[in-house]
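K.L.:
Please find structure-v8.cif (mmCIF, C-alpha atoms and all ligand atoms) on the next line:
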```cif
data_final
#
loop_
_atom_site.label_atom_id
_atom_site.label_comp_id
_atom_site.auth_asym_id
_atom_site.auth_seq_id
_atom_site.Cartn_x
_atom_site.Cartn_y
_atom_site.Cartn_z
CA MET V 217 -43.06 -110.35 -246.29
CA HIS V 218 -45.90 -112.81 -246.74
CA SER V 219 -49.14 -111.20 -247.72
CA SER V 220 -52.58 -112.49 -247.25
CA VAL V 221 -54.87 -112.27 -250.27
CA SER V 222 -54.71 -114.38 -253.42
CA ILE V 223 -57.04 -115.20 -256.29
CA ASN V 224 -58.54 -118.60 -256.82
CA ASP V 225 -61.15 -119.24 -259.52
CA ASN V 226 -62.06 -115.58 -259.82
CA GLN V 227 -62.51 -115.34 -256.07
CA ARG V 228 -60.28 -113.36 -253.78
CA ILE V 229 -59.36 -115.52 -250.84
CA MET V 230 -57.45 -115.30 -247.57
CA GLU V 231 -55.82 -118.69 -247.00
CA ASN V 232 -58.72 -120.93 -248.16
CA VAL V 233 -61.62 -118.65 -247.32
CA PRO V 234 -63.27 -116.32 -249.87
CA LEU V 235 -63.29 -112.70 -248.68
CA ARG V 236 -66.97 -112.49 -249.54
CA ALA V 237 -67.71 -115.36 -247.13
CA ILE V 238 -65.77 -113.62 -244.33
CA VAL V 239 -67.61 -110.34 -244.64
CA GLN V 240 -70.97 -112.02 -245.09
CA GLN V 241 -70.48 -114.13 -241.97
CA TYR V 242 -69.01 -111.48 -239.68
CA GLY V 243 -70.52 -108.31 -241.10
CA SER V 244 -69.02 -105.16 -242.52
CA PRO V 245 -66.68 -103.54 -241.78
CA CYS V 246 -64.33 -106.13 -240.27
CA TYR V 247 -60.62 -106.83 -240.06
CA ALA V 248 -59.37 -110.24 -241.20
CA TYR V 249 -55.90 -111.63 -240.53
CA SER V 250 -54.12 -114.64 -241.97
CA LYS V 251 -52.61 -116.76 -239.20
CA LYS V 252 -50.25 -118.32 -241.73
CA ALA V 253 -48.94 -114.96 -242.96
CA ILE V 254 -48.40 -113.67 -239.40
CA SER V 255 -46.56 -116.85 -238.46
CA GLU V 256 -44.40 -116.90 -241.57
CA ASN V 257 -43.50 -113.23 -241.23
CA PHE V 258 -42.33 -113.88 -237.67
CA LEU V 259 -40.46 -117.06 -238.59
CA ASP V 260 -38.65 -115.13 -241.34
CA TYR V 261 -37.08 -113.00 -238.61
CA GLN V 262 -36.09 -116.06 -236.56
CA GLN V 263 -34.57 -117.64 -239.62
CA ALA V 264 -32.70 -114.54 -240.73
CA MET V 265 -30.90 -114.51 -237.38
CA GLY V 266 -29.24 -117.83 -238.17
CA SER V 267 -26.99 -118.96 -235.35
CA ARG V 268 -26.68 -115.52 -233.76
CA ASP V 269 -28.08 -115.19 -230.23
CA HIS V 270 -31.28 -113.24 -230.67
CA LEU V 271 -34.61 -112.21 -229.26
CA ILE V 272 -37.39 -111.08 -231.61
CA CYS V 273 -39.78 -108.93 -229.60
CA TYR V 274 -42.96 -108.34 -231.60
CA ALA V 275 -44.13 -104.71 -231.21
CA VAL V 276 -47.54 -105.20 -229.63
CA LYS V 277 -48.75 -101.73 -230.61
CA SER V 278 -48.96 -102.74 -234.26
CA ASN V 279 -51.70 -105.31 -233.58
CA SER V 280 -52.48 -106.23 -230.01
CA ASN V 281 -55.38 -108.65 -230.40
CA ILE V 282 -54.75 -111.43 -227.88
CA ALA V 283 -55.22 -114.12 -230.55
CA VAL V 284 -52.45 -112.50 -232.61
CA LEU V 285 -50.22 -112.41 -229.52
CA GLN V 286 -51.12 -116.01 -228.74
CA THR V 287 -50.12 -117.09 -232.26
CA LEU V 288 -46.75 -115.39 -231.86
CA ALA V 289 -46.21 -116.54 -228.26
CA LYS V 290 -46.64 -120.14 -229.43
CA LEU V 291 -43.82 -119.60 -231.90
CA GLY V 292 -41.56 -118.40 -229.09
CA ALA V 293 -41.81 -114.67 -229.74
CA GLY V 294 -40.80 -112.06 -227.25
CA PHE V 295 -42.79 -108.82 -227.04
CA ASP V 296 -42.06 -105.11 -227.11
CA ILE V 297 -44.65 -103.29 -225.01
CA VAL V 298 -45.32 -99.63 -224.23
CA SER V 299 -47.92 -99.82 -221.47
CA VAL V 300 -49.14 -102.03 -218.69
CA GLY V 301 -52.25 -102.67 -220.81
CA GLU V 302 -50.04 -104.25 -223.45
CA LEU V 303 -48.24 -106.23 -220.75
CA GLU V 304 -51.53 -107.69 -219.47
CA ARG V 305 -52.48 -108.65 -223.03
CA VAL V 306 -49.17 -110.48 -223.48
CA LEU V 307 -49.65 -112.37 -220.22
CA MET V 308 -53.25 -113.24 -221.11
CA ALA V 309 -52.09 -114.57 -224.46
CA GLY V 310 -49.53 -116.88 -222.83
CA GLY V 311 -46.47 -114.74 -223.64
CA ASP V 312 -43.34 -115.25 -221.57
CA PRO V 313 -42.69 -112.16 -219.38
CA ALA V 314 -38.99 -113.00 -219.39
CA LYS V 315 -39.01 -112.15 -223.12
CA VAL V 316 -40.70 -108.77 -222.73
CA VAL V 317 -38.93 -105.47 -223.33
CA TYR V 318 -40.74 -102.44 -222.04
CA SER V 319 -40.36 -99.29 -224.21
CA GLY V 320 -42.07 -95.93 -223.80
CA VAL V 321 -41.03 -92.42 -222.83
CA ALA V 322 -42.78 -92.05 -219.48
CA LYS V 323 -43.67 -95.22 -217.61
CA THR V 324 -45.49 -94.65 -214.34
CA ALA V 325 -44.38 -96.14 -211.00
CA GLU V 326 -47.48 -98.33 -211.04
CA GLU V 327 -46.60 -99.70 -214.46
CA MET V 328 -43.04 -100.34 -213.32
CA ARG V 329 -44.29 -102.23 -210.23
CA ARG V 330 -46.37 -104.60 -212.32
CA ALA V 331 -43.55 -105.23 -214.78
CA LEU V 332 -41.14 -105.93 -211.90
CA GLU V 333 -43.67 -108.24 -210.30
CA VAL V 334 -43.98 -110.44 -213.39
CA GLY V 335 -40.24 -110.32 -214.17
CA ILE V 336 -39.74 -108.78 -217.61
CA HIS V 337 -36.55 -109.04 -219.66
CA CYS V 338 -35.76 -105.33 -219.40
CA PHE V 339 -36.97 -101.78 -219.19
CA ASN V 340 -35.92 -99.62 -222.13
CA VAL V 341 -35.28 -96.45 -220.14
CA GLU V 342 -35.52 -93.13 -221.96
CA SER V 343 -34.50 -90.49 -219.41
CA GLU V 344 -32.63 -89.92 -216.17
CA SER V 345 -35.89 -89.16 -214.35
CA GLU V 346 -37.28 -92.50 -215.44
CA LEU V 347 -34.09 -94.22 -214.31
CA ARG V 348 -34.35 -92.66 -210.84
CA LEU V 349 -38.03 -93.57 -210.54
CA LEU V 350 -37.30 -97.14 -211.58
CA ASN V 351 -34.47 -97.43 -209.05
CA GLN V 352 -36.79 -96.15 -206.31
CA THR V 353 -39.67 -98.38 -207.35
CA ALA V 354 -37.47 -101.48 -207.49
CA ALA V 355 -36.08 -100.60 -204.04
CA GLU V 356 -39.59 -100.75 -202.54
CA THR V 357 -39.68 -104.49 -203.20
CA ASN V 358 -35.96 -105.09 -202.93
CA GLN V 359 -35.66 -105.99 -206.59
CA LEU V 360 -33.06 -105.43 -209.24
CA ALA V 361 -34.58 -103.79 -212.33
CA PRO V 362 -32.94 -104.88 -215.62
CA VAL V 363 -32.24 -101.79 -217.73
CA SER V 364 -31.34 -100.99 -221.29
CA LEU V 365 -30.95 -97.31 -222.09
CA ARG V 366 -32.74 -96.14 -225.21
CA VAL V 367 -30.30 -93.81 -226.85
CA ASN V 368 -31.14 -91.36 -229.55
CA PRO V 369 -28.42 -91.83 -232.18
CA ASP V 370 -29.38 -88.74 -234.23
CA VAL V 371 -29.90 -90.68 -237.44
CA ASP V 372 -32.39 -89.66 -240.10
CA ALA V 373 -34.66 -92.62 -240.84
CA LYS V 374 -36.02 -90.83 -243.94
CA THR V 375 -39.58 -91.85 -243.25
CA HIS V 376 -42.76 -89.86 -242.53
CA PRO V 377 -41.92 -87.15 -239.94
CA TYR V 378 -44.63 -88.44 -237.55
CA ILE V 379 -42.98 -91.87 -237.40
CA SER V 380 -39.37 -90.74 -237.42
CA THR V 381 -38.00 -91.02 -233.91
CA GLY V 382 -34.20 -91.07 -233.95
CA LEU V 383 -33.39 -87.43 -234.56
CA LYS V 384 -32.11 -85.06 -231.88
CA GLU V 385 -35.26 -82.98 -232.12
CA ASN V 386 -37.53 -85.97 -231.37
CA LYS V 387 -38.77 -86.64 -227.83
CA PHE V 388 -37.39 -90.16 -227.75
CA GLY V 389 -34.36 -91.60 -226.00
CA ILE V 390 -31.28 -90.18 -224.33
CA ASP V 391 -28.96 -88.10 -226.49
CA ILE V 392 -26.15 -90.47 -227.46
CA SER V 393 -23.54 -87.88 -226.48
CA ARG V 394 -24.82 -88.05 -222.89
CA ALA V 395 -25.41 -91.80 -222.78
CA GLN V 396 -22.04 -92.74 -221.24
CA GLU V 397 -22.67 -90.46 -218.28
CA VAL V 398 -26.16 -91.86 -217.72
CA TYR V 399 -24.84 -95.44 -217.94
CA GLN V 400 -22.29 -94.58 -215.27
CA GLN V 401 -25.07 -93.23 -213.03
CA ALA V 402 -27.17 -96.34 -213.68
CA ALA V 403 -24.26 -98.63 -212.82
CA GLN V 404 -24.02 -96.94 -209.40
CA MET V 405 -27.69 -97.39 -208.59
CA GLU V 406 -28.42 -100.07 -206.05
CA ASN V 407 -31.58 -101.46 -207.59
CA ILE V 408 -30.64 -101.21 -211.27
CA SER V 409 -28.89 -103.86 -213.30
CA VAL V 410 -27.54 -102.57 -216.59
CA VAL V 411 -28.14 -105.20 -219.27
CA GLY V 412 -28.31 -103.56 -222.67
CA VAL V 413 -28.66 -100.68 -225.06
CA ASP V 414 -31.38 -99.90 -227.51
CA CYS V 415 -32.60 -97.40 -230.07
CA HIS V 416 -35.55 -97.04 -232.38
CA ILE V 417 -35.06 -94.59 -235.20
CA GLY V 418 -38.42 -94.81 -236.93
CA SER V 419 -40.94 -96.96 -238.69
CA GLN V 420 -41.64 -97.91 -242.33
CA LEU V 421 -37.96 -97.74 -243.29
CA THR V 422 -37.38 -98.86 -246.85
CA ASP V 423 -33.63 -98.33 -246.76
CA ILE V 424 -31.34 -100.21 -244.39
CA THR V 425 -28.61 -97.55 -244.35
CA PRO V 426 -30.07 -95.67 -241.35
CA PHE V 427 -30.28 -98.93 -239.36
CA ILE V 428 -26.63 -99.66 -240.11
CA GLU V 429 -25.62 -96.14 -239.19
CA ALA V 430 -27.53 -96.41 -235.91
CA MET V 431 -25.87 -99.75 -235.15
CA GLN V 432 -22.44 -98.23 -235.78
CA HIS V 433 -23.20 -95.49 -233.27
CA LEU V 434 -24.45 -98.02 -230.71
CA LEU V 435 -21.35 -100.18 -231.08
CA VAL V 436 -18.99 -97.26 -230.41
CA LEU V 437 -20.92 -96.67 -227.20
CA VAL V 438 -20.96 -100.38 -226.24
CA ASP V 439 -17.17 -100.55 -226.62
CA ARG V 440 -16.59 -97.37 -224.66
CA LEU V 441 -18.78 -98.70 -221.86
CA ALA V 442 -16.88 -102.01 -221.82
CA GLU V 443 -13.64 -100.08 -221.28
CA LEU V 444 -15.30 -98.46 -218.29
CA GLY V 445 -16.25 -101.87 -216.93
CA ILE V 446 -19.90 -101.72 -217.98
CA LYS V 447 -20.47 -104.87 -220.01
CA LEU V 448 -23.75 -105.07 -221.91
CA LYS V 449 -25.52 -108.35 -222.71
CA HIS V 450 -27.74 -107.22 -225.53
CA ILE V 451 -28.06 -104.70 -228.34
CA ASP V 452 -31.57 -103.80 -229.45
CA ILE V 453 -31.84 -102.13 -232.87
CA GLY V 454 -35.55 -101.32 -232.49
CA GLY V 455 -38.37 -101.83 -235.00
CA GLY V 456 -38.31 -103.92 -238.13
CA LEU V 457 -38.28 -103.26 -241.84
CA GLY V 458 -40.91 -101.33 -243.74
CA VAL V 459 -43.47 -103.06 -245.92
CA ARG V 460 -44.80 -102.64 -249.42
CA TYR V 461 -48.05 -100.67 -249.49
CA GLN V 462 -47.83 -99.42 -253.06
CA ASN V 463 -44.61 -99.80 -255.00
CA GLU V 464 -41.99 -99.37 -252.30
CA VAL V 465 -38.94 -101.54 -252.81
CA VAL V 466 -38.38 -103.11 -249.43
CA PRO V 467 -35.03 -104.68 -248.63
CA SER V 468 -35.08 -108.33 -247.64
CA LEU V 469 -34.33 -109.45 -244.11
CA ALA V 470 -31.44 -111.45 -245.49
CA SER V 471 -29.86 -108.31 -246.97
CA TYR V 472 -30.40 -106.47 -243.68
CA MET V 473 -28.66 -109.24 -241.74
CA GLN V 474 -25.90 -109.37 -244.34
CA ALA V 475 -25.27 -105.66 -243.89
CA LEU V 476 -25.16 -106.09 -240.10
CA GLU V 477 -22.88 -109.11 -240.26
CA PRO V 478 -19.51 -107.31 -240.65
CA LEU V 479 -20.40 -105.12 -237.67
CA LEU V 480 -21.54 -107.95 -235.43
CA LYS V 481 -19.39 -110.87 -236.51
CA ASP V 482 -17.03 -111.04 -233.56
CA ARG V 483 -19.51 -109.95 -230.95
CA SER V 484 -21.26 -112.04 -228.37
CA GLU V 485 -24.10 -109.70 -227.40
CA THR V 486 -27.63 -110.95 -228.05
CA LEU V 487 -29.27 -109.08 -230.92
CA VAL V 488 -32.76 -107.85 -230.09
CA MET V 489 -35.27 -106.55 -232.65
CA GLU V 490 -38.74 -105.11 -232.13
CA PRO V 491 -40.58 -105.59 -235.44
CA GLY V 492 -44.30 -104.84 -235.63
CA ARG V 493 -45.46 -103.68 -239.04
CA SER V 494 -43.48 -106.24 -241.03
CA ILE V 495 -45.13 -109.07 -239.09
CA THR V 496 -48.76 -108.00 -239.18
CA ALA V 497 -49.32 -105.33 -241.88
CA ASN V 498 -49.46 -107.51 -244.96
CA ALA V 499 -51.15 -110.31 -243.04
CA GLY V 500 -54.35 -108.30 -242.61
CA ILE V 501 -57.10 -106.54 -244.52
CA LEU V 502 -60.03 -104.30 -243.70
CA LEU V 503 -63.25 -105.38 -245.41
CA THR V 504 -65.85 -102.73 -246.10
CA GLN V 505 -69.04 -102.25 -248.11
CA VAL V 506 -69.92 -99.46 -250.53
CA GLN V 507 -72.96 -97.65 -249.15
CA VAL V 508 -73.38 -94.73 -251.51
CA ILE V 509 -71.89 -93.72 -254.83
CA LYS V 510 -72.17 -90.06 -255.64
CA LYS V 511 -70.71 -87.34 -257.79
CA ASN V 512 -69.86 -83.86 -256.52
CA GLY V 513 -68.58 -81.66 -259.30
CA ASP V 514 -66.15 -83.76 -261.29
CA LYS V 515 -65.40 -86.09 -258.44
CA ASN V 516 -66.81 -89.54 -257.86
CA PHE V 517 -67.13 -90.60 -254.27
CA ALA V 518 -67.58 -94.12 -253.02
CA ILE V 519 -68.83 -93.77 -249.47
CA VAL V 520 -68.06 -96.96 -247.60
CA ASP V 521 -69.02 -98.15 -244.12
CA ALA V 522 -65.43 -98.06 -242.78
CA ALA V 523 -64.02 -94.69 -241.78
CA MET V 524 -61.06 -92.87 -240.30
CA ASN V 525 -62.05 -94.12 -236.85
CA ASP V 526 -61.57 -97.71 -238.09
CA MET V 527 -58.39 -97.02 -240.08
CA LEU V 528 -56.62 -93.77 -239.31
CA ARG V 529 -53.45 -94.16 -241.38
CA PRO V 530 -54.62 -92.37 -244.56
CA ALA V 531 -56.11 -89.45 -242.57
CA LEU V 532 -53.20 -89.08 -240.17
CA TYR V 533 -50.16 -89.75 -242.38
CA ASP V 534 -51.68 -89.32 -245.81
CA ALA V 535 -50.74 -92.98 -246.13
CA TRP V 536 -51.39 -94.71 -249.46
CA MET V 537 -53.14 -98.02 -248.98
CA ASP V 538 -54.30 -100.33 -251.73
CA ILE V 539 -58.03 -100.83 -252.11
CA ASN V 540 -59.80 -103.27 -254.40
CA ALA V 541 -63.17 -104.82 -254.99
CA VAL V 542 -63.69 -108.25 -253.43
CA GLU V 543 -65.21 -109.53 -256.72
CA VAL V 544 -62.63 -110.01 -259.42
CA ILE V 545 -65.16 -109.69 -262.21
CA THR V 546 -67.93 -107.13 -262.04
CA ASP V 547 -70.42 -105.69 -264.52
CA SER V 548 -69.86 -102.16 -263.28
CA GLU V 549 -68.11 -99.55 -265.32
CA GLU V 550 -64.66 -98.36 -264.37
CA ALA V 551 -64.35 -94.90 -262.86
CA ASP V 552 -61.99 -92.95 -260.62
CA TYR V 553 -63.16 -92.68 -257.03
CA ASP V 554 -62.24 -91.18 -253.73
CA VAL V 555 -63.10 -93.88 -251.23
CA VAL V 556 -64.32 -92.12 -248.12
CA GLY V 557 -66.06 -92.94 -244.85
CA PRO V 558 -69.23 -91.59 -243.27
CA VAL V 559 -67.43 -89.56 -240.55
CA CYS V 560 -68.02 -85.81 -240.49
CA GLU V 561 -64.51 -84.73 -241.47
CA THR V 562 -63.04 -83.93 -244.87
CA GLY V 563 -59.95 -85.87 -243.75
CA ASP V 564 -62.07 -88.99 -243.52
CA PHE V 565 -60.78 -90.93 -246.50
CA LEU V 566 -59.32 -94.37 -247.07
CA ALA V 567 -58.04 -93.87 -250.61
CA LYS V 568 -58.05 -91.13 -253.22
CA ASP V 569 -58.23 -91.24 -257.00
CA ARG V 570 -58.53 -94.98 -257.47
CA THR V 571 -59.84 -96.66 -260.56
CA LEU V 572 -62.51 -99.13 -259.51
CA SER V 573 -65.43 -101.00 -261.08
CA ILE V 574 -67.97 -100.83 -258.33
CA THR V 575 -71.58 -100.28 -257.50
CA GLU V 576 -73.49 -99.70 -254.28
CA GLY V 577 -73.53 -102.79 -252.07
CA ASP V 578 -70.19 -104.11 -253.37
CA TYR V 579 -67.51 -105.18 -250.93
CA LEU V 580 -64.00 -103.71 -250.99
CA TYR V 581 -60.89 -104.61 -249.08
CA LEU V 582 -58.06 -102.38 -247.94
CA SER V 583 -54.75 -104.25 -248.12
CA SER V 584 -51.83 -104.21 -245.68
CA ALA V 585 -54.18 -103.17 -242.90
CA GLY V 586 -53.04 -105.67 -240.27
CA ALA V 587 -50.64 -103.26 -238.54
CA TYR V 588 -51.63 -99.95 -236.94
CA GLY V 589 -55.19 -100.54 -238.11
CA PHE V 590 -57.45 -101.83 -235.39
CA THR V 591 -55.03 -100.68 -232.65
CA MET V 592 -55.42 -97.06 -233.75
CA SER V 593 -59.17 -97.27 -234.13
CA SER V 594 -61.53 -95.25 -231.96
CA ASN V 595 -65.19 -94.65 -231.27
CA TYR V 596 -65.21 -91.21 -232.94
CA ASN V 597 -68.71 -90.26 -234.13
CA SER V 598 -69.95 -92.93 -231.66
CA ARG V 599 -69.11 -95.67 -234.08
CA PRO V 600 -68.73 -99.09 -232.46
CA ARG V 601 -65.34 -100.65 -233.16
CA VAL V 602 -65.43 -103.39 -235.77
CA ALA V 603 -65.02 -107.16 -235.54
CA GLU V 604 -61.67 -108.93 -236.00
CA VAL V 605 -61.42 -112.37 -237.56
CA MET V 606 -58.49 -114.78 -237.75
CA ILE V 607 -58.34 -117.03 -240.80
CA ASP V 608 -56.58 -120.36 -240.37
CA GLY V 609 -56.70 -122.61 -243.44
CA ASN V 610 -60.40 -123.35 -244.00
CA GLN V 611 -61.37 -122.05 -240.61
CA THR V 612 -62.43 -118.64 -239.41
CA HIS V 613 -62.30 -117.54 -235.79
CA LEU V 614 -63.98 -114.46 -234.42
CA ILE V 615 -61.18 -112.99 -232.30
CA ARG V 616 -63.00 -109.82 -231.36
CA ALA V 617 -66.73 -109.24 -231.47
CA ARG V 618 -68.06 -106.07 -233.03
CA GLU V 619 -68.90 -103.57 -230.31
CA SER V 620 -72.51 -103.04 -229.34
CA ILE V 621 -74.23 -99.83 -228.28
CA GLU V 622 -73.84 -101.03 -224.66
CA ASP V 623 -70.08 -101.32 -225.26
CA LEU V 624 -70.08 -97.77 -226.61
CA ILE V 625 -71.42 -96.22 -223.41
CA ARG V 626 -69.82 -98.64 -220.93
CA GLY V 627 -68.76 -96.73 -217.84
CA GLU V 628 -70.69 -93.58 -218.74
CA GLN V 629 -73.28 -92.28 -216.30
CA LEU V 630 -76.06 -89.73 -216.35
CA ILE V 631 -75.79 -87.08 -213.60
CA LYS V 632 -78.29 -87.94 -210.87
CA GLU V 633 -81.03 -85.31 -210.52
CA GLN V 634 -81.04 -83.76 -207.02
N1 LIG P 1 -40.14 -100.31 -231.10
C1 LIG P 1 -40.52 -99.08 -230.73
C2 LIG P 1 -39.91 -98.49 -229.54
C3 LIG P 1 -41.47 -98.38 -231.48
O1 LIG P 1 -41.81 -97.15 -231.11
C4 LIG P 1 -42.04 -98.98 -232.63
C5 LIG P 1 -43.03 -98.27 -233.45
C6 LIG P 1 -41.63 -100.29 -232.96
C7 LIG P 1 -40.67 -100.91 -232.18
C8 LIG P 1 -42.19 -101.03 -234.13
O2 LIG P 1 -41.80 -100.50 -235.36
P1 LIG P 1 -42.19 -101.23 -236.74
O3 LIG P 1 -41.47 -102.54 -236.83
O4 LIG P 1 -43.67 -101.45 -236.71
O5 LIG P 1 -41.76 -100.29 -237.78
N2 LIG P 1 -48.80 -95.70 -236.49
C9 LIG P 1 -47.72 -95.58 -237.44
C10 LIG P 1 -46.48 -96.30 -236.96
C11 LIG P 1 -45.99 -95.85 -235.60
C12 LIG P 1 -44.76 -96.59 -235.16
C13 LIG P 1 -44.47 -96.31 -233.75
N3 LIG P 1 -43.40 -97.08 -233.19
C14 LIG P 1 -48.20 -96.06 -238.81
O6 LIG P 1 -49.35 -96.48 -238.94
O7 LIG P 1 -47.47 -95.97 -239.80
#
```
Would you kindly transcribe this structure into structure tokens?

P.N.:
Amino acid sequence: MHSSVSINDNQRIMENVPLRAIVQQYGSPCYAYSKKAISENFLDYQQAMGSRDHLICYAVKSNSNIAVLQTLAKLGAGFDIVSVGELERVLMAGGDPAKVVYSGVAKTAEEMRRALEVGIHCFNVESESELRLLNQTAAETNQLAPVSLRVNPDVDAKTHPYISTGLKENKFGIDISRAQEVYQQAAQMENISVVGVDCHIGSQLTDITPFIEAMQHLLVLVDRLAELGIKLKHIDIGGGLGVRYQNEVVPSLASYMQALEPLLKDRSETLVMEPGRSITANAGILLTQVQVIKKNGDKNFAIVDAAMNDMLRPALYDAWMDINAVEVITDSEEADYDVVGPVCETGDFLAKDRTLSITEGDYLYLSSAGAYGFTMSSNYNSRPRVAEVMIDGNQTHLIRARESIEDLIRGEQLIKEQ
């Protein structure tokens, strides 16, 4: 995966722009993304597919800024969405609705109506109730809803339990042992058109074996359905590969495709993938400034102006993310720090036990922050959400303004005195 920061003349830069210049222009904290890295990461997927019929549907939840979606739409990406909000973002960014797959465990009738109206590629349906609701909703407007059933293949993705989704005990998908029956029901429904099958077993996978195992399970089902006269057009294997945050050894896309090849070689179905993290994570950073350095007991704390509300991954998953000073050379002495935010929670940390040479006022950057960073941010502690910047060669574009106090209270109202 292409990452975003390099060193040039003792300066850390993203594409051709020094990180210091970005944070000084747009303020701290802010997210910065490399347009080149996002594009290359996406094109790697396209390329790895070779001559196989495919559709790469970028998982919008990983980074949904409309400028990111626009960049990918221009390259011909499809999109994996999980809400009507994400759908509207894709449309606003110029994405093609015919390349949209709609995932999610409980879509509402209203969301279904909008997706039918714009003509998406398919609904990834996760339960019989959802299937019935979709059939009913499509009937209202006399439409045929394209459906792929998300099956739960009961495969252990061996990732963090919160982001493991393909086990029987998880809430996701239809138990694969029941899938045939549900397909048969779907095939009978007047306003449903069965087009595919999909699964998503988890995120941040650093081993391709679970993907291969899941594909094997899907193919058995696809063949059984064909014998019953239900012919599927596409097979969707779900999210993409994991990324390197620390020292994970991440398999290449080429090796993933190579491992799939023997399974898919004589098949005509379109292969669909829904990568998110591997397209945006290493293309983005979170810039932050050291506000206070203090010592409590034996521990050194660097309190920075970014917090768990800006980047939740360390607090929620105990995720390890790399953090470094923006200046390559500093006069400060090395020490071990916990890098924490100003939010009133002990869980508010970005990194623990890191050796850094820093002093108050210095800028730091958290690496691999382009995926599940801004999209998981919140206004907790009434902190305005930060700015997002897209770097393109020598140019910088503000793609989301920092929130103001007015933004913070938008929609709130005082109770009128009687
Ligand atoms: N498709 C579906 C149906 C998904 O649920 C997901 C991610 C993806 C695709 C994209 O997977 P990826 O290529 O990014 O691995 N917030 C967590 C990750 C949650 C992933 C949820 N689903 C984190 O920060 O690690």

K.L.:
Using all atoms listed in the file, which of V:Gln420, V:Ser494, V:Thr575, V:Asn525 sits nearest Val508 in chain V?

P.N.:
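Checking each of V:Gln420, V:Ser494, V:Thr575, V:Asn525 against Val508 in chain V, counting all atoms listed in the file, the winner is V:Thr575.
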
K.L.:
Of the candidates V:Gly577, V:Gly292, V:Gly500, V:Gly320, which one gets nearest to Met606 in chain V if we count only C-alpha atoms?

P.N.:
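Between V:Gly577, V:Gly292, V:Gly500, V:Gly320, the residue approaching Met606 in chain V most closely is V:Gly500.
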
K.L.:
Show me, as a PyMOL selection string, the residues that have an atom within 6 Å of range 234-246 of chain V when counting all atoms listed in the file, minus same-chain residues fewer than 3 positions from it.

P.N.:
chain V and resi 228-229+502-504+522+602-604

K.L.:
Using all atoms listed in the file, which protein or nucleic acid residues are at most 8 Å from ligand LIG 1 (chain P), as a ChimeraX atom specification?

P.N.:
/V:274-275,277-278,296,298,319-320,378-379,381,415-416,418-421,454-458,489-495,528-529,533,535,587-589,592

K.L.:
Suppose we keep C-alpha atoms; can you now write the selection as a tab-separated table (two decimals), in the frame of the given file?

P.N.:
```tsv
chain	number	residue	atom	x	y	z
V	274	TYR	CA	-42.96	-108.34	-231.60
V	275	ALA	CA	-44.13	-104.71	-231.21
V	277	LYS	CA	-48.75	-101.73	-230.61
V	278	SER	CA	-48.96	-102.74	-234.26
V	296	ASP	CA	-42.06	-105.11	-227.11
V	298	VAL	CA	-45.32	-99.63	-224.23
V	319	SER	CA	-40.36	-99.29	-224.21
V	320	GLY	CA	-42.07	-95.93	-223.80
V	378	TYR	CA	-44.63	-88.44	-237.55
V	379	ILE	CA	-42.98	-91.87	-237.40
V	381	THR	CA	-38.00	-91.02	-233.91
V	415	CYS	CA	-32.60	-97.40	-230.07
V	416	HIS	CA	-35.55	-97.04	-232.38
V	418	GLY	CA	-38.42	-94.81	-236.93
V	419	SER	CA	-40.94	-96.96	-238.69
V	420	GLN	CA	-41.64	-97.91	-242.33
V	421	LEU	CA	-37.96	-97.74	-243.29
V	454	GLY	CA	-35.55	-101.32	-232.49
V	455	GLY	CA	-38.37	-101.83	-235.00
V	456	GLY	CA	-38.31	-103.92	-238.13
V	457	LEU	CA	-38.28	-103.26	-241.84
V	458	GLY	CA	-40.91	-101.33	-243.74
V	489	MET	CA	-35.27	-106.55	-232.65
V	490	GLU	CA	-38.74	-105.11	-232.13
V	491	PRO	CA	-40.58	-105.59	-235.44
V	492	GLY	CA	-44.30	-104.84	-235.63
V	493	ARG	CA	-45.46	-103.68	-239.04
V	494	SER	CA	-43.48	-106.24	-241.03
V	495	ILE	CA	-45.13	-109.07	-239.09
V	528	LEU	CA	-56.62	-93.77	-239.31
V	529	ARG	CA	-53.45	-94.16	-241.38
V	533	TYR	CA	-50.16	-89.75	-242.38
V	535	ALA	CA	-50.74	-92.98	-246.13
V	587	ALA	CA	-50.64	-103.26	-238.54
V	588	TYR	CA	-51.63	-99.95	-236.94
V	589	GLY	CA	-55.19	-100.54	-238.11
V	592	MET	CA	-55.42	-97.06	-233.75
```

K.L.:
Rounded to one decimal, what separation in Å do you get between CA of Val488 in chain V and CA of Ile390 in chain V?

P.N.:
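Computed distance, CA of Val488 in chain V to CA of Ile390 in chain V, equals 18.6 Å.
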